[in-house]
Amino acid sequence: QVQLVESGGGLVQPGGSLRLSCAASGFVFSSFGMRWYRRASGKERELVADIGRDGLFTNYLDSVKGRFTISRDNTKKMIYLEMISLKPEDTAVYYCRRSPASRSDIWGQGTQVTVSS
């Protein structure tokens, strides 16, 4: 079955950087776009970034443009989210997901990013 395992989160000061990783298995990775989502406490989950199957297409939430970079390695079945100039409002649990997702796809455990001084 589809498995997505996020990692790389942590506690960072405002202005700091983190690199999130997502390991995928259970499907033909190169046939799917991939997305990063986040859910802040008390808020709805939101789409942060997505990337096309070959990595040439990327798109970002307006509030993270210029600060976050999504990338993928199809040989390793991995996607990444490079985050710089982090702000307290970036604090959330970050999740990856394939696109399009099937109704049976289960959300992973996510990785917590906390931006605080």
# chains A, B, ... in the order shown; residues from 1 in each chain; ligands from 1

call {"tool": "residues_around", "arguments": {"residues": "A:Ile51", "least_positions_apart": "3", "cutoff": "10 Å", "atoms": "only C-alpha atoms", "output": "PyMOL selection string"}}
result
chain A and resi 32-36+54-60+69-72+79+98-99

call {"tool": "write_last_selection", "arguments": {"atoms": "C-alpha atoms", "output": "short mmCIF file (atom, residue, chain, number, x, y, z; two decimals), in the first residue's frame"}}
result
data_model
loop_
_atom_site.label_atom_id
_atom_site.label_comp_id
_atom_site.auth_asym_id
_atom_site.auth_seq_id
_atom_site.Cartn_x
_atom_site.Cartn_y
_atom_site.Cartn_z
CA PHE A 32 2.63 11.01 -9.62
CA GLY A 33 2.95 14.62 -8.71
CA MET A 34 3.75 15.18 -5.06
CA ARG A 35 2.60 17.76 -2.54
CA TRP A 36 3.53 19.17 0.84
CA ASP A 54 9.43 15.16 -13.55
CA GLY A 55 10.14 18.02 -11.18
CA LEU A 56 9.83 20.71 -13.82
CA PHE A 57 6.53 22.11 -12.56
CA THR A 58 6.34 23.60 -9.07
CA ASN A 59 3.77 25.74 -7.34
CA TYR A 60 3.66 27.39 -3.92
CA THR A 69 11.64 25.10 -2.38
CA ILE A 70 10.13 21.73 -3.24
CA SER A 71 12.22 19.14 -5.06
CA ARG A 72 12.20 15.44 -5.79
CA ILE A 79 10.65 14.58 -2.06
CA ARG A 98 0.87 12.07 -3.81
CA SER A 99 -1.21 13.83 -6.45
#

call {"tool": "residues_around", "arguments": {"residues": "A:Gly8", "least_positions_apart": "3", "cutoff": "9 Å", "atoms": "only C-alpha atoms", "output": "PyMOL selection string"}}
result
chain A and resi 18-22+111-113

call {"tool": "write_last_selection", "arguments": {"atoms": "all heavy atoms", "output": "mmCIF file, in the first residue's frame"}}
result
data_model
loop_
_atom_site.group_PDB
_atom_site.id
_atom_site.type_symbol
_atom_site.label_atom_id
_atom_site.label_comp_id
_atom_site.auth_asym_id
_atom_site.auth_seq_id
_atom_site.Cartn_x
_atom_site.Cartn_y
_atom_site.Cartn_z
ATOM 1 N N LEU A 18 15.205 24.786 7.675
ATOM 2 C CA LEU A 18 15.032 23.356 7.858
ATOM 3 C C LEU A 18 14.848 22.708 6.496
ATOM 4 O O LEU A 18 14.368 23.351 5.553
ATOM 5 C CB LEU A 18 13.798 23.040 8.714
ATOM 6 C CG LEU A 18 13.881 23.164 10.220
ATOM 7 C CD1 LEU A 18 12.502 22.951 10.842
ATOM 8 C CD2 LEU A 18 14.889 22.203 10.810
ATOM 9 N N ARG A 19 15.174 21.437 6.426
ATOM 10 C CA ARG A 19 14.920 20.665 5.209
ATOM 11 C C ARG A 19 14.099 19.444 5.579
ATOM 12 O O ARG A 19 14.571 18.590 6.350
ATOM 13 C CB ARG A 19 16.221 20.228 4.558
ATOM 14 C CG ARG A 19 16.025 19.563 3.189
ATOM 15 C CD ARG A 19 17.283 18.873 2.737
ATOM 16 N NE ARG A 19 17.260 18.557 1.315
ATOM 17 C CZ ARG A 19 17.900 17.524 0.789
ATOM 18 N NH1 ARG A 19 18.598 16.712 1.562
ATOM 19 N NH2 ARG A 19 17.847 17.309 -0.514
ATOM 20 N N LEU A 20 12.898 19.384 5.040
ATOM 21 C CA LEU A 20 12.029 18.249 5.277
ATOM 22 C C LEU A 20 12.219 17.209 4.177
ATOM 23 O O LEU A 20 12.492 17.563 3.026
ATOM 24 C CB LEU A 20 10.570 18.677 5.318
ATOM 25 C CG LEU A 20 10.213 19.800 6.287
ATOM 26 C CD1 LEU A 20 8.697 20.038 6.280
ATOM 27 C CD2 LEU A 20 10.699 19.493 7.686
ATOM 28 N N SER A 21 12.045 15.941 4.550
ATOM 29 C CA SER A 21 12.139 14.851 3.594
ATOM 30 C C SER A 21 10.893 13.992 3.678
ATOM 31 O O SER A 21 10.252 13.911 4.727
ATOM 32 C CB SER A 21 13.368 13.979 3.890
ATOM 33 O OG SER A 21 14.553 14.720 3.798
ATOM 34 N N CYS A 22 10.572 13.350 2.568
ATOM 35 C CA CYS A 22 9.437 12.425 2.529
ATOM 36 C C CYS A 22 9.853 11.218 1.708
ATOM 37 O O CYS A 22 10.223 11.354 0.531
ATOM 38 C CB CYS A 22 8.225 13.112 1.916
ATOM 39 S SG CYS A 22 6.851 12.008 1.513
ATOM 40 N N THR A 111 5.555 15.653 10.155
ATOM 41 C CA THR A 111 6.735 16.056 10.916
ATOM 42 C C THR A 111 6.496 17.464 11.449
ATOM 43 O O THR A 111 6.070 18.361 10.713
ATOM 44 C CB THR A 111 8.016 15.958 10.064
ATOM 45 O OG1 THR A 111 9.158 16.223 10.881
ATOM 46 C CG2 THR A 111 8.010 16.897 8.875
ATOM 47 N N GLN A 112 6.731 17.651 12.735
ATOM 48 C CA GLN A 112 6.424 18.916 13.398
ATOM 49 C C GLN A 112 7.529 19.940 13.148
ATOM 50 O O GLN A 112 8.710 19.663 13.376
ATOM 51 C CB GLN A 112 6.273 18.699 14.906
ATOM 52 C CG GLN A 112 6.072 19.963 15.716
ATOM 53 C CD GLN A 112 4.709 20.587 15.523
ATOM 54 O OE1 GLN A 112 3.687 19.911 15.615
ATOM 55 N NE2 GLN A 112 4.677 21.897 15.259
ATOM 56 N N VAL A 113 7.114 21.104 12.686
ATOM 57 C CA VAL A 113 8.016 22.245 12.550
ATOM 58 C C VAL A 113 7.545 23.315 13.519
ATOM 59 O O VAL A 113 6.390 23.732 13.469
ATOM 60 C CB VAL A 113 8.020 22.790 11.105
ATOM 61 C CG1 VAL A 113 8.800 24.098 11.025
ATOM 62 C CG2 VAL A 113 8.602 21.755 10.153
#

call {"tool": "residues_around", "arguments": {"residues": "A:Ala92", "least_positions_apart": "2", "cutoff": "8 Å", "atoms": "only C-alpha atoms", "output": "JSON, numbers by chain"}}
result
{"A": [38, 39, 40, 41, 90, 94, 112, 113, 114]}

call {"tool": "atom_distance", "arguments": {"atom1": "atom CA of A:Glu89", "atom2": "atom CA of A:Gly9"}}
result
14.8 Å

call {"tool": "select_by_dssp", "arguments": {"residues": "chain A", "states": "helix (DSSP H, G or I)", "output": "list of chain:residue names"}}
result
A:Phe29, A:Ser30, A:Ser31, A:Asp62, A:Ser63, A:Val64, A:Pro88, A:Glu89, A:Asp90

call {"tool": "closest_residue", "arguments": {"among": "A:Arg53, A:Lys77, A:Ser116, A:Gly66", "to": "A:Phe27", "atoms": "only C-alpha atoms"}}
result
A:Lys77
